[in-house]
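A.B. asks: Coordinates in data-v7.cif, mmCIF, C-alpha atoms and all ligand atoms, are listed below.
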data_data
#
loop_
_atom_site.label_atom_id
_atom_site.label_comp_id
_atom_site.auth_asym_id
_atom_site.auth_seq_id
_atom_site.Cartn_x
_atom_site.Cartn_y
_atom_site.Cartn_z
CA MET A 1 65.72 -11.72 55.35
CA ALA A 2 69.34 -12.71 56.04
CA ALA A 3 68.81 -15.97 54.13
CA LEU A 4 67.63 -14.17 50.98
CA PRO A 5 69.89 -13.25 48.08
CA GLU A 6 70.97 -9.62 48.48
CA PRO A 7 68.69 -7.63 46.10
CA VAL A 8 70.63 -6.06 43.24
CA LEU A 9 69.52 -2.50 42.44
CA MET A 10 70.10 -0.40 39.32
CA ASP A 11 70.41 3.37 39.52
CA LYS A 12 70.95 4.17 35.81
CA PRO A 13 68.59 4.08 32.80
CA ASP A 14 71.41 3.02 30.43
CA THR A 15 71.60 -0.16 28.36
CA ALA A 16 73.68 -2.51 30.51
CA PRO A 17 76.16 -4.82 28.77
CA PRO A 18 74.88 -8.40 28.35
CA LEU A 19 75.21 -10.49 31.53
CA HIS A 20 77.30 -13.52 30.61
CA PRO A 21 76.41 -16.39 32.98
CA ASP A 22 79.17 -17.51 35.32
CA THR A 23 77.10 -20.30 36.89
CA GLY A 24 74.55 -22.74 35.49
CA ARG A 25 74.11 -23.80 31.85
CA PRO A 26 75.80 -21.55 29.29
CA TYR A 27 73.76 -19.36 26.89
CA HIS A 28 74.11 -16.31 24.68
CA PRO A 29 72.66 -13.43 26.75
CA VAL A 30 70.22 -10.77 25.56
CA VAL A 31 70.69 -6.99 25.63
CA THR A 32 67.78 -5.13 27.20
CA LEU A 33 67.36 -1.66 25.64
CA ASN A 34 67.85 0.88 28.44
CA GLY A 35 67.67 -2.01 30.85
CA TRP A 36 69.61 -4.81 32.49
CA THR A 37 69.50 -8.47 33.50
CA LEU A 38 68.97 -9.52 37.12
CA PRO A 39 71.93 -11.45 38.57
CA TRP A 40 71.13 -14.65 40.50
CA ARG A 41 72.81 -16.93 42.95
CA MET A 42 73.02 -20.74 42.76
CA ASN A 43 71.76 -22.56 45.84
CA ASN A 44 71.98 -26.38 45.65
CA GLY A 45 71.23 -26.41 41.94
CA VAL A 46 68.43 -23.82 42.17
CA LYS A 47 68.76 -20.36 40.61
CA GLU A 48 67.63 -17.80 43.16
CA PHE A 49 66.52 -14.30 42.17
CA HIS A 50 65.32 -11.44 44.35
CA LEU A 51 62.83 -8.95 42.92
CA VAL A 52 61.92 -5.90 44.97
CA ALA A 53 58.68 -4.14 44.00
CA GLU A 54 59.10 -0.46 44.93
CA PRO A 55 58.55 3.18 43.93
CA VAL A 56 61.28 4.33 41.54
CA VAL A 57 62.35 7.48 39.71
CA ARG A 58 62.81 6.76 36.01
CA GLU A 59 64.35 9.16 33.54
CA ILE A 60 62.05 8.96 30.48
CA ALA A 61 64.56 10.99 28.42
CA PRO A 62 67.05 13.67 29.45
CA GLY A 63 64.95 16.51 30.91
CA MET A 64 62.14 14.38 32.29
CA ARG A 65 61.93 12.11 35.31
CA ALA A 66 58.81 10.13 36.17
CA HIS A 67 57.73 8.88 39.56
CA LEU A 68 56.88 5.28 38.75
CA TRP A 69 56.59 1.94 40.46
CA GLY A 70 58.97 -0.76 39.31
CA TYR A 71 61.41 -3.38 40.47
CA ASN A 72 64.95 -3.12 41.86
CA GLY A 73 65.36 0.59 41.21
CA GLN A 74 63.97 0.92 37.68
CA SER A 75 60.89 0.62 35.51
CA PRO A 76 60.63 -1.76 33.79
CA GLY A 77 62.18 -4.26 36.18
CA PRO A 78 65.29 -6.21 35.27
CA THR A 79 65.13 -8.88 32.59
CA ILE A 80 65.15 -12.40 34.01
CA GLU A 81 67.22 -14.78 31.88
CA VAL A 82 67.18 -18.51 32.52
CA VAL A 83 67.74 -21.74 30.60
CA GLU A 84 65.14 -24.36 29.72
CA GLY A 85 65.06 -26.91 32.55
CA ASP A 86 66.40 -24.50 35.21
CA ARG A 87 64.92 -24.88 38.67
CA LEU A 88 64.02 -21.41 39.92
CA ARG A 89 63.27 -19.72 43.20
CA ILE A 90 62.19 -16.09 42.95
CA PHE A 91 61.84 -14.03 46.13
CA VAL A 92 59.53 -11.04 45.69
CA THR A 93 59.68 -8.36 48.38
CA ASN A 94 56.91 -5.77 48.38
CA LYS A 95 58.07 -2.24 49.23
CA LEU A 96 55.06 -0.59 47.55
CA PRO A 97 52.45 1.29 49.58
CA GLU A 98 49.89 -1.41 48.64
CA HIS A 99 49.77 -5.17 48.10
CA THR A 100 50.95 -6.77 44.86
CA SER A 101 51.67 -10.11 43.17
CA VAL A 102 53.73 -11.26 40.18
CA HIS A 103 52.28 -13.13 37.22
CA TRP A 104 54.81 -14.96 35.03
CA HIS A 105 53.23 -14.35 31.62
CA GLY A 106 53.54 -17.34 29.28
CA GLN A 107 55.15 -19.80 31.69
CA ARG A 108 54.10 -23.40 32.19
CA LEU A 109 54.01 -23.71 35.97
CA PRO A 110 51.93 -25.09 38.85
CA ASN A 111 48.66 -23.16 39.13
CA GLY A 112 49.59 -21.85 42.58
CA MET A 113 52.71 -20.14 41.14
CA ASP A 114 50.77 -18.18 38.48
CA GLY A 115 50.56 -15.01 40.57
CA VAL A 116 46.90 -14.04 40.22
CA SER A 117 46.10 -12.59 43.63
CA GLY A 118 42.83 -13.79 45.08
CA LEU A 119 42.60 -16.58 42.49
CA THR A 120 45.81 -18.58 42.88
CA GLN A 121 47.40 -17.00 45.98
CA PRO A 122 46.72 -14.40 48.64
CA TRP A 123 48.27 -11.07 47.67
CA ILE A 124 51.77 -10.09 48.80
CA GLY A 125 51.13 -7.65 51.66
CA VAL A 126 53.05 -4.43 52.20
CA GLY A 127 56.52 -5.25 53.55
CA LYS A 128 56.10 -9.01 52.95
CA THR A 129 58.26 -11.37 50.89
CA VAL A 130 56.77 -14.25 48.88
CA VAL A 131 58.62 -17.07 47.13
CA TYR A 132 57.72 -18.42 43.68
CA GLU A 133 59.24 -21.80 42.72
CA PHE A 134 58.97 -23.50 39.35
CA VAL A 135 60.96 -25.02 36.50
CA ALA A 136 61.52 -23.03 33.28
CA ARG A 137 59.81 -25.58 31.09
CA ARG A 138 59.90 -24.13 27.60
CA PRO A 139 62.29 -21.74 25.82
CA GLY A 140 61.01 -18.42 24.58
CA THR A 141 60.28 -14.73 25.15
CA PHE A 142 58.01 -13.91 28.07
CA MET A 143 57.28 -11.15 30.58
CA TYR A 144 56.19 -10.59 34.16
CA HIS A 145 53.80 -8.09 35.73
CA PRO A 146 51.48 -7.77 38.74
CA HIS A 147 48.07 -9.45 38.81
CA ALA A 148 46.90 -7.31 41.75
CA ASP A 149 45.39 -3.84 41.31
CA GLU A 150 46.64 -4.48 37.82
CA MET A 151 45.35 -1.35 36.08
CA THR A 152 47.12 0.92 38.59
CA GLN A 153 50.31 -1.06 38.91
CA MET A 154 50.88 -1.50 35.16
CA ALA A 155 50.00 2.18 34.51
CA MET A 156 52.71 2.96 37.10
CA GLY A 157 55.32 0.94 35.18
CA MET A 158 55.46 -2.46 36.87
CA MET A 159 56.60 -4.98 34.30
CA GLY A 160 59.67 -6.81 33.10
CA LEU A 161 60.98 -9.16 30.41
CA TRP A 162 61.73 -12.82 30.79
CA VAL A 163 63.86 -14.87 28.37
CA THR A 164 64.22 -18.64 28.64
CA HIS A 165 67.11 -19.81 26.46
CA PRO A 166 67.03 -23.31 24.92
CA LYS A 167 69.29 -25.80 26.74
CA THR A 168 70.62 -27.31 23.51
CA ARG A 169 70.48 -26.32 19.85
CA HIS A 170 66.81 -25.98 18.96
CA PRO A 171 65.60 -26.61 15.38
CA LEU A 172 63.34 -23.52 15.48
CA ILE A 173 65.52 -21.14 17.51
CA ALA A 174 68.36 -19.59 15.51
CA GLU A 175 71.72 -18.74 17.02
CA VAL A 176 72.25 -15.00 16.64
CA GLN A 177 75.07 -12.54 17.19
CA ARG A 178 72.82 -9.80 18.63
CA ASP A 179 69.75 -10.47 20.74
CA PHE A 180 67.82 -7.35 21.85
CA CYS A 181 64.64 -7.07 23.89
CA PHE A 182 62.28 -4.35 25.10
CA LEU A 183 58.71 -3.81 26.31
CA LEU A 184 56.22 -1.35 24.84
CA ASN A 185 54.64 0.78 27.56
CA ALA A 186 52.81 4.10 27.80
CA TYR A 187 52.22 6.82 30.38
CA ASP A 188 50.00 9.84 30.77
CA ILE A 189 51.97 12.44 32.69
CA GLU A 190 50.80 16.06 32.63
CA PRO A 191 53.62 18.41 31.56
CA GLY A 192 55.16 19.79 34.72
CA SER A 193 54.17 16.82 36.87
CA ALA A 194 55.86 13.46 37.44
CA THR A 195 53.26 10.83 38.36
CA PRO A 196 51.25 9.02 35.66
CA LYS A 197 47.50 9.51 35.53
CA ILE A 198 46.53 5.92 36.19
CA ASN A 199 42.92 6.22 34.99
CA THR A 200 43.83 7.11 31.40
CA MET A 201 42.62 4.39 29.04
CA LEU A 202 43.77 5.44 25.55
CA ASP A 203 44.97 9.04 25.37
CA PHE A 204 48.50 8.61 26.70
CA ASN A 205 51.10 11.31 26.04
CA LEU A 206 54.29 9.28 26.51
CA TRP A 207 54.71 6.27 24.22
CA THR A 208 57.75 4.46 25.47
CA TRP A 209 60.07 1.49 25.01
CA ASN A 210 61.20 0.24 28.40
CA SER A 211 59.88 3.47 29.95
CA ARG A 212 62.05 5.64 27.64
CA ALA A 213 60.94 8.00 24.86
CA PHE A 214 62.96 9.28 21.88
CA PRO A 215 65.55 10.75 22.08
CA GLY A 216 66.09 8.79 25.31
CA ILE A 217 65.95 5.33 23.69
CA ASP A 218 69.35 3.82 22.98
CA THR A 219 70.14 2.78 19.41
CA LEU A 220 70.56 -0.88 18.40
CA ASN A 221 74.19 -1.08 17.29
CA VAL A 222 75.28 -4.08 15.22
CA ARG A 223 78.00 -5.25 12.87
CA GLN A 224 77.20 -5.64 9.19
CA GLY A 225 76.33 -9.29 8.51
CA ASP A 226 75.23 -10.02 12.09
CA LYS A 227 72.18 -12.17 12.55
CA VAL A 228 69.95 -10.07 14.81
CA ARG A 229 66.96 -11.01 16.95
CA ILE A 230 64.68 -8.40 18.53
CA ARG A 231 62.12 -9.50 21.13
CA VAL A 232 59.24 -7.10 21.85
CA GLY A 233 56.36 -7.39 24.31
CA ASN A 234 53.35 -5.08 24.48
CA LEU A 235 51.93 -4.04 27.87
CA THR A 236 50.20 -0.85 26.68
CA MET A 237 46.46 -0.49 26.02
CA THR A 238 46.68 -0.54 22.21
CA ASN A 239 48.47 -2.31 19.36
CA HIS A 240 51.78 -1.14 17.90
CA PRO A 241 52.87 -1.87 14.31
CA ILE A 242 56.64 -1.98 14.78
CA HIS A 243 58.50 -1.07 11.60
CA LEU A 244 62.14 -1.45 10.54
CA HIS A 245 63.74 0.41 7.63
CA GLY A 246 66.24 -1.04 5.17
CA HIS A 247 65.75 -4.75 5.92
CA GLU A 248 63.13 -7.49 5.82
CA PHE A 249 62.67 -9.51 8.96
CA THR A 250 60.87 -12.72 9.80
CA VAL A 251 58.60 -13.11 12.80
CA THR A 252 60.07 -16.26 14.32
CA GLY A 253 58.10 -16.63 17.51
CA SER A 254 55.78 -15.25 20.14
CA ASP A 255 55.06 -15.89 23.80
CA GLY A 256 53.45 -19.11 22.53
CA GLY A 257 56.90 -20.31 21.47
CA PRO A 258 58.95 -20.51 18.27
CA TRP A 259 56.79 -20.51 15.14
CA PRO A 260 56.91 -23.41 12.66
CA LEU A 261 59.00 -22.56 9.58
CA ALA A 262 55.93 -22.80 7.32
CA ALA A 263 54.24 -19.98 9.28
CA ARG A 264 57.08 -17.49 8.78
CA VAL A 265 56.80 -14.78 6.15
CA PRO A 266 59.01 -11.80 5.37
CA GLU A 267 57.75 -8.50 6.76
CA VAL A 268 58.99 -4.98 7.38
CA THR A 269 56.25 -4.18 9.92
CA THR A 270 54.75 -6.47 12.53
CA ASP A 271 51.72 -5.53 14.57
CA ILE A 272 51.99 -6.41 18.23
CA ALA A 273 48.65 -6.58 20.01
CA VAL A 274 48.14 -5.92 23.70
CA GLY A 275 49.55 -8.67 25.89
CA GLN A 276 51.46 -10.21 22.98
CA MET A 277 55.13 -10.77 22.36
CA ARG A 278 56.86 -11.05 19.00
CA GLN A 279 60.43 -11.93 18.17
CA VAL A 280 61.78 -10.94 14.76
CA GLU A 281 65.03 -11.98 13.08
CA PHE A 282 67.06 -10.72 10.15
CA VAL A 283 70.57 -10.44 8.81
CA ALA A 284 71.76 -6.84 9.17
CA ASP A 285 73.36 -6.69 5.73
CA ALA A 286 72.79 -3.01 4.87
CA GLU A 287 75.08 -0.40 6.40
CA GLY A 288 73.46 2.76 7.67
CA ASP A 289 71.34 4.43 10.35
CA TRP A 290 67.97 2.79 9.85
CA ALA A 291 64.87 4.17 11.56
CA PHE A 292 63.07 1.65 13.79
CA HIS A 293 59.75 2.78 15.20
CA CYS A 294 56.05 2.28 15.84
CA HIS A 295 54.19 3.11 12.64
CA LYS A 296 51.33 4.91 14.39
CA SER A 297 52.47 8.48 13.76
CA HIS A 298 51.03 9.74 17.06
CA HIS A 299 53.17 7.16 18.87
CA THR A 300 56.34 8.82 17.59
CA MET A 301 55.42 12.08 19.30
CA ASN A 302 55.99 13.28 22.85
CA PRO A 303 53.35 15.20 24.87
CA MET A 304 51.01 17.23 22.67
CA GLY A 305 47.51 18.73 22.78
CA HIS A 306 45.04 16.73 20.74
CA SER A 307 42.43 19.51 20.65
CA VAL A 308 44.58 22.14 18.91
CA PRO A 309 42.74 23.34 15.76
CA THR A 310 44.32 22.70 12.37
CA MET A 311 45.69 26.02 11.07
CA ILE A 312 46.81 24.84 7.64
CA GLY A 313 45.38 27.20 5.04
CA VAL A 314 44.05 29.72 7.57
CA ASP A 315 44.95 33.30 6.66
CA HIS A 316 45.75 35.15 9.87
CA ARG A 317 47.62 38.13 8.48
CA GLY A 318 46.96 41.08 10.76
CA LEU A 319 45.69 38.87 13.56
CA VAL A 320 49.03 38.13 15.18
CA ARG A 321 49.86 41.76 15.98
CA LYS A 322 46.47 42.18 17.63
CA ILE A 323 46.89 39.07 19.77
CA GLN A 324 50.43 40.10 20.73
CA LYS A 325 49.00 43.26 22.33
CA VAL A 326 47.33 40.96 24.84
CA VAL A 327 49.79 38.03 24.85
CA PRO A 328 53.21 39.44 23.91
CA ASP A 329 54.83 36.00 23.37
CA TYR A 330 52.09 34.75 21.03
CA MET A 331 53.36 33.03 17.89
CA VAL A 332 51.38 31.67 15.00
CA MET A 333 52.10 27.99 14.62
CA GLY A 334 50.86 25.36 12.30
CA GLU A 335 49.74 27.46 9.34
CA ARG A 336 52.37 25.75 7.19
CA GLY A 337 52.24 22.39 8.98
CA MET A 338 53.71 21.44 12.34
CA ALA A 339 57.40 21.24 11.36
CA ASP A 340 58.03 24.56 13.13
CA MET A 341 57.76 22.59 16.34
CA GLY A 342 60.86 20.52 15.51
CA GLU A 343 62.94 23.52 14.51
CA MET A 344 61.96 26.01 17.17
CA GLU A 345 63.05 25.52 20.77
CA MET A 346 59.74 26.54 22.30
CA PRO A 347 59.68 27.12 26.03
CA ILE A 348 58.02 24.13 27.73
CA PRO A 349 57.09 23.49 31.38
CA GLU A 350 59.67 21.87 33.59
CA ASN A 351 59.84 18.08 33.57
CA THR A 352 58.31 17.30 30.20
CA LEU A 353 59.59 16.67 26.67
CA PRO A 354 59.16 18.61 23.40
CA MET A 355 56.44 17.12 21.18
CA MET A 356 58.88 16.47 18.33
CA THR A 357 62.60 16.65 18.84
CA GLY A 358 66.00 15.07 18.24
CA THR A 359 68.66 16.22 15.80
CA GLY A 360 70.43 14.06 13.23
CA PRO A 361 73.48 14.92 11.10
CA TYR A 362 71.23 16.74 8.60
CA GLY A 363 68.82 18.59 10.92
CA PRO A 364 65.83 18.01 13.20
CA VAL A 365 64.51 14.44 13.17
CA GLU A 366 61.05 15.67 14.31
CA MET A 367 60.23 12.56 16.29
CA GLY A 368 59.47 11.47 19.85
CA GLY A 369 58.02 8.45 21.64
CA MET A 370 58.56 4.99 20.17
CA PHE A 371 61.45 5.78 17.83
CA SER A 372 65.04 4.60 17.69
CA MET A 373 67.58 3.47 15.11
CA LEU A 374 69.28 0.29 13.99
CA LYS A 375 72.90 1.27 13.34
CA VAL A 376 74.68 -1.18 11.04
CA ARG A 377 78.44 -0.76 10.61
CA LYS A 378 81.18 -2.76 8.92
CA ASP A 379 83.63 -2.04 11.69
CA GLN A 380 81.39 -2.58 14.76
CA LYS A 381 83.34 -5.24 16.68
CA PRO A 382 81.63 -8.45 17.80
CA GLY A 383 80.15 -7.83 21.23
CA ASP A 384 80.55 -4.04 20.94
CA TYR A 385 77.20 -2.38 21.69
CA SER A 386 78.50 1.19 21.84
CA ASP A 387 76.98 3.89 19.61
CA PRO A 388 79.20 4.32 16.51
CA GLY A 389 77.93 7.88 15.84
CA TRP A 390 76.22 9.02 12.63
CA TYR A 391 76.57 7.08 9.39
CA GLN A 392 78.69 8.76 6.71
CA GLN A 393 76.78 8.48 3.44
CA PRO A 394 79.14 7.32 0.67
CA ALA A 395 79.39 9.89 -2.14
CA GLY A 396 76.58 9.58 -4.68
CA THR A 397 74.24 7.57 -2.42
CA GLN A 398 72.17 10.34 -0.85
CA ALA A 399 69.09 12.16 -2.14
CA TYR A 400 70.20 15.52 -3.55
CA GLU A 401 68.69 18.76 -4.76
CA TRP A 402 67.92 18.91 -8.47
CA THR A 403 69.01 22.15 -10.09
CA GLY A 404 68.63 21.22 -13.79
CA ALA A 405 65.56 21.61 -15.98
CA LYS A 406 62.41 20.30 -14.31
CA PRO A 407 61.00 17.18 -15.93
CA ASP A 408 57.44 17.49 -17.28
CA THR A 409 54.84 16.72 -14.65
CA SER A 410 51.46 15.51 -15.74
CA ARG A 411 48.55 15.90 -13.41
CA ALA A 412 46.71 12.92 -14.86
CA VAL A 413 47.84 10.08 -17.06
CA ALA A 414 46.27 8.92 -20.29
CA SER A 415 44.20 5.76 -20.00
CA ALA A 416 45.46 2.44 -21.37
CA SER A 417 43.50 3.01 -24.62
CA GLY A 418 45.59 6.10 -25.33
CA GLN A 419 42.64 8.50 -24.77
CA PRO A 420 43.50 11.54 -22.69
CA ALA A 421 42.25 11.48 -19.12
CA ILE A 422 38.94 13.27 -18.59
CA GLU A 423 38.32 15.72 -15.81
CA LEU A 424 34.89 15.25 -14.22
CA ARG A 425 32.89 17.70 -12.19
CA VAL A 426 30.65 15.85 -9.74
CA VAL A 427 27.65 17.48 -8.11
CA LYS A 428 26.37 15.64 -5.08
CA PRO A 429 22.68 15.63 -4.17
CA LYS A 430 21.80 18.50 -1.88
CA SER A 431 19.76 16.44 0.55
CA HIS A 432 21.54 15.79 3.87
CA GLN A 433 23.56 18.99 3.29
CA HIS A 434 25.92 17.30 0.81
CA GLU A 435 27.29 20.03 -1.45
CU CU A 501 52.47 2.48 18.69
#
Show the structure stored in the file as structure tokens.
Ligand SMILES: [Cu+2]
C.D. replies:
Amino acid sequence: MAALPEPVLMDKPDTAPPLHPDTGRPYHPVVTLNGWTLPWRMNNGVKEFHLVAEPVVREIAPGMRAHLWGYNGQSPGPTIEVVEGDRLRIFVTNKLPEHTSVHWHGQRLPNGMDGVSGLTQPWIGVGKTVVYEFVARRPGTFMYHPHADEMTQMAMGMMGLWVTHPKTRHPLIAEVQRDFCFLLNAYDIEPGSATPKINTMLDFNLWTWNSRAFPGIDTLNVRQGDKVRIRVGNLTMTNHPIHLHGHEFTVTGSDGGPWPLAARVPEVTTDIAVGQMRQVEFVADAEGDWAFHCHKSHHTMNPMGHSVPTMIGVDHRGLVRKIQKVVPDYMVMGERGMADMGEMEMPIPENTLPMMTGTGPYGPVEMGGMFSMLKVRKDQKPGDYSDPGWYQQPAGTQAYEWTGAKPDTSRAVASASGQPAIELRVVKPKSHQHE
């Protein structure tokens, strides 16, 4: 072990400043949301990294800590950043209670370095260290994860990002001022407990970016006019349509590499399927605090019961007092929608998160899970990733309450021929209980 690079550990869930390379070929580093980049050492022209697979405690958001498995102190593991053509040696030490392996998703490498235990190598036993050696052959956005007891180990949070920078200017890879990356992951942790239920297939209750849920996800802070790239990989069990407000972006590449220019179209939402990576680019030309989130509305919630009946429209006058005789703290919720949940600080078990939470400058944001913000400011200095606070809306540019005469509202519009719209009453056949 004395010959190995000293493993670097991280004890904080914060977004670390970009790691500017002091050895090897130069490149513009990425910023990992609520994550960090693994330092390396140069050994006779080979970049040497040391990953340690181990149990970790990860803060999902303030108020909740999860007992996960990860690498070098955190889940996900550190981002590995290299340059096209780099010769690499990656030591992987297994401090988990069971064997593991590491698969380098998307890399061109010798078959025996692919990390599929049983198929391309024996597994990495408990307490053992294995060395992976290959050349970073093509630039792009990749990831790494175990290919051993995969369902368990990924459900426990074992994964990390990998970025290979181009060694010279690349015709299909733009130079950007801000380069962000994160992984989509999901956990099922019962309120009041800390370890994910690894057998859950779809009904997760924590939808996370880099094992963080809103309001624990850092904001993406940029200067107005910056060219921005965001790289996203999906290691959950479902797809995520990732949506940005206020800008159009272009999907410029995937784990297959940079996309040809003719294949690029403007979008404001891009769907990222399981096991896929997407990188999007845009010029952040509009000042403001722009929401950036998964568009599946259940994925912007924190733990919630999915079997709660819908109470909208239910008249329960008189019922509440009767129930309170038995359960003094009983409250009626949901009869006017669920927004009460955002406003009211309901008591919740220890070590979990409110279903919808977070407060902006104008009130509750009523979000959770896969939600953050792109903050675009004129005066954000180059290289400054700190949170500039809330955006001050210039006078006259914010939605406002109308107090004048109400404009006429029509419930139906006349047809193109000028005839008034006709209201129809439709009676369905009574067979099959259709009323
Ligand atoms: Cu989603």
A.B. asks: Hey, can you check how far atom CA of A:Asp203 sits from atom CA of A:Lys95?
C.D. replies: 29.5 Å
A.B. asks: Under the rule that all atoms listed in the file are counted, which of A:Arg317, A:Arg65, A:Arg377, A:His299 is the nearest residue to ligand CU 501 (chain A)?
C.D. replies: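 Counting all atoms listed in the file, the residue closest to ligand CU 501 (chain A) is A:His299.
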A.B. asks: Would you give me, as CSV, each residue of chain A having an atom within 7 Å of an atom of ligand CU 501 (chain A), along with its shortest atom pair and that distance in Å to one decimal, using only C-alpha atoms and all ligand atoms and sorting by chain and residue number?
C.D. replies:
residue,atom,partner,partner_atom,distance
A:Asn239,CA,A:CU501,CU,6.3
A:His240,CA,A:CU501,CU,3.8
A:Pro241,CA,A:CU501,CU,6.2
A:Cys294,CA,A:CU501,CU,4.6
A:His295,CA,A:CU501,CU,6.3
A:Lys296,CA,A:CU501,CU,5.1
A:His299,CA,A:CU501,CU,4.7
A:Met370,CA,A:CU501,CU,6.8
A.B. asks: Please indicate the distance in Å from atom CA of A:Glu81 to atom CA of A:Tyr144, rounded to one decimal place.
C.D. replies: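 Pair atom CA of A:Glu81 / atom CA of A:Tyr144 returns 12.0 Å.
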A.B. asks: Expressed in Å to a single decimal, how great is the separation between atom CA of A:Phe204 and atom CA of A:Ile230?
C.D. replies: 24.9 Å
A.B. asks: May I ask which of the residues A:Leu220, A:Met113, A:Met355, A:Met373 is the closest one to A:His306, counting only C-alpha atoms?
C.D. replies: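 Smallest distance to A:His306 is found for A:Met355.
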A.B. asks: Please list as a list in words every residue within 7 Å of A:Asp218, counting all atoms listed in the file and excluding residues in the same chain fewer than 4 positions away.
C.D. replies: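 Non-adjacent residues within range: Leu33, Asn34 and Ser372 of chain A.
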A.B. asks: Create the file for the chosen residues now, containing C-alpha atoms and written as a PDB file, in the coordinates of the input.
C.D. replies:
ATOM      1  CA  LEU A  33      67.360  -1.660  25.640  1.00  0.00           C
ATOM      2  CA  ASN A  34      67.850   0.880  28.440  1.00  0.00           C
ATOM      3  CA  SER A 372      65.040   4.600  17.690  1.00  0.00           C
TER       4      SER A 372
END
A.B. asks: Excluding same-chain residues fewer than 6 positions from A:Arg138, what lies within 8 Å of it counting only C-alpha atoms, as a PDB file with C-alpha atoms, in the frame of the given file?
C.D. replies:
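Once written, around_3.pdb looks like this:
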ATOM      1  CA  GLU A  84      65.140 -24.360  29.720  1.00  0.00           C
ATOM      2  CA  GLY A  85      65.060 -26.910  32.550  1.00  0.00           C
ATOM      3  CA  GLN A 107      55.150 -19.800  31.690  1.00  0.00           C
ATOM      4  CA  ARG A 108      54.100 -23.400  32.190  1.00  0.00           C
ATOM      5  CA  THR A 164      64.220 -18.640  28.640  1.00  0.00           C
ATOM      6  CA  PRO A 166      67.030 -23.310  24.920  1.00  0.00           C
ATOM      7  CA  GLY A 257      56.900 -20.310  21.470  1.00  0.00           C
TER       8      GLY A 257
END
A.B. asks: Residues within 12 Å of A:Ala16, please, as a PyMOL selection string. Count all atoms listed in the file; anything in the same chain fewer than 4 positions from it doesn't count.
C.D. replies: chain A and resi 10-12+20+29-38+78-79+180+218+384-386
A.B. asks: At most 10 Å from (46.5, 7.3, 36.3), file frame, all atoms listed in the file: which residues, as a list in words?
C.D. replies: Met151, Thr152, Gln153, Met154, Ala155, Met156, Tyr187, Asp188, Ile189, Thr195, Pro196, Lys197, Ile198, Asn199, Thr200, Met201 and Phe204 of chain A
A.B. asks: Just the residues within 9 Å of A:Gly246, please, counting all atoms listed in the file, with nothing from its chain fewer than 3 positions along; format it as a VMD selection string.
C.D. replies: chain A and resid 268 284 286 to 288 290 to 291
A.B. asks: Might you pull out every residue within 10 Å of stretch 115-129 of chain A, with only C-alpha atoms counted and same-chain residues fewer than 6 positions away left off, and present them as an MDAnalysis selection string?
C.D. replies: chainID A and resid 1 4 50:53 91:105 144:150
A.B. asks: Take the residues just selected and output them with C-alpha atoms as a PDB file, in the coordinates of the input.
C.D. replies:
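Listing of again00.pdb after writing:
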ATOM      1  CA  MET A   1      65.720 -11.720  55.350  1.00  0.00           C
ATOM      2  CA  LEU A   4      67.630 -14.170  50.980  1.00  0.00           C
ATOM      3  CA  HIS A  50      65.320 -11.440  44.350  1.00  0.00           C
ATOM      4  CA  LEU A  51      62.830  -8.950  42.920  1.00  0.00           C
ATOM      5  CA  VAL A  52      61.920  -5.900  44.970  1.00  0.00           C
ATOM      6  CA  ALA A  53      58.680  -4.140  44.000  1.00  0.00           C
ATOM      7  CA  PHE A  91      61.840 -14.030  46.130  1.00  0.00           C
ATOM      8  CA  VAL A  92      59.530 -11.040  45.690  1.00  0.00           C
ATOM      9  CA  THR A  93      59.680  -8.360  48.380  1.00  0.00           C
ATOM     10  CA  ASN A  94      56.910  -5.770  48.380  1.00  0.00           C
ATOM     11  CA  LYS A  95      58.070  -2.240  49.230  1.00  0.00           C
ATOM     12  CA  LEU A  96      55.060  -0.590  47.550  1.00  0.00           C
ATOM     13  CA  PRO A  97      52.450   1.290  49.580  1.00  0.00           C
ATOM     14  CA  GLU A  98      49.890  -1.410  48.640  1.00  0.00           C
ATOM     15  CA  HIS A  99      49.770  -5.170  48.100  1.00  0.00           C
ATOM     16  CA  THR A 100      50.950  -6.770  44.860  1.00  0.00           C
ATOM     17  CA  SER A 101      51.670 -10.110  43.170  1.00  0.00           C
ATOM     18  CA  VAL A 102      53.730 -11.260  40.180  1.00  0.00           C
ATOM     19  CA  HIS A 103      52.280 -13.130  37.220  1.00  0.00           C
ATOM     20  CA  TRP A 104      54.810 -14.960  35.030  1.00  0.00           C
ATOM     21  CA  HIS A 105      53.230 -14.350  31.620  1.00  0.00           C
ATOM     22  CA  TYR A 144      56.190 -10.590  34.160  1.00  0.00           C
ATOM     23  CA  HIS A 145      53.800  -8.090  35.730  1.00  0.00           C
ATOM     24  CA  PRO A 146      51.480  -7.770  38.740  1.00  0.00           C
ATOM     25  CA  HIS A 147      48.070  -9.450  38.810  1.00  0.00           C
ATOM     26  CA  ALA A 148      46.900  -7.310  41.750  1.00  0.00           C
ATOM     27  CA  ASP A 149      45.390  -3.840  41.310  1.00  0.00           C
ATOM     28  CA  GLU A 150      46.640  -4.480  37.820  1.00  0.00           C
TER      29      GLU A 150
END
A.B. asks: When you count all atoms listed in the file, which of these residues is closest to A:Ala339: A:Met356, A:Ile60, A:Val228, A:Leu206?
C.D. replies: A:Met356
A.B. asks: May I have the protein, DNA and RNA residues with an atom at most 12 Å from (81.0, -5.1, 20.1), counting all atoms listed in the file in the file's coordinates, returned as a list in words?
C.D. replies: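 Final list of nearby residues, as requested, is Pro17, Pro18, Val31, Gln177, Arg178, Leu220, Asn221, Val222, Arg223, Gln224, Asp226, Val376, Arg377, Lys378, Asp379, Gln380, Lys381, Pro382, Gly383, Asp384, Tyr385, Ser386, Asp387 and Pro388 of chain A.
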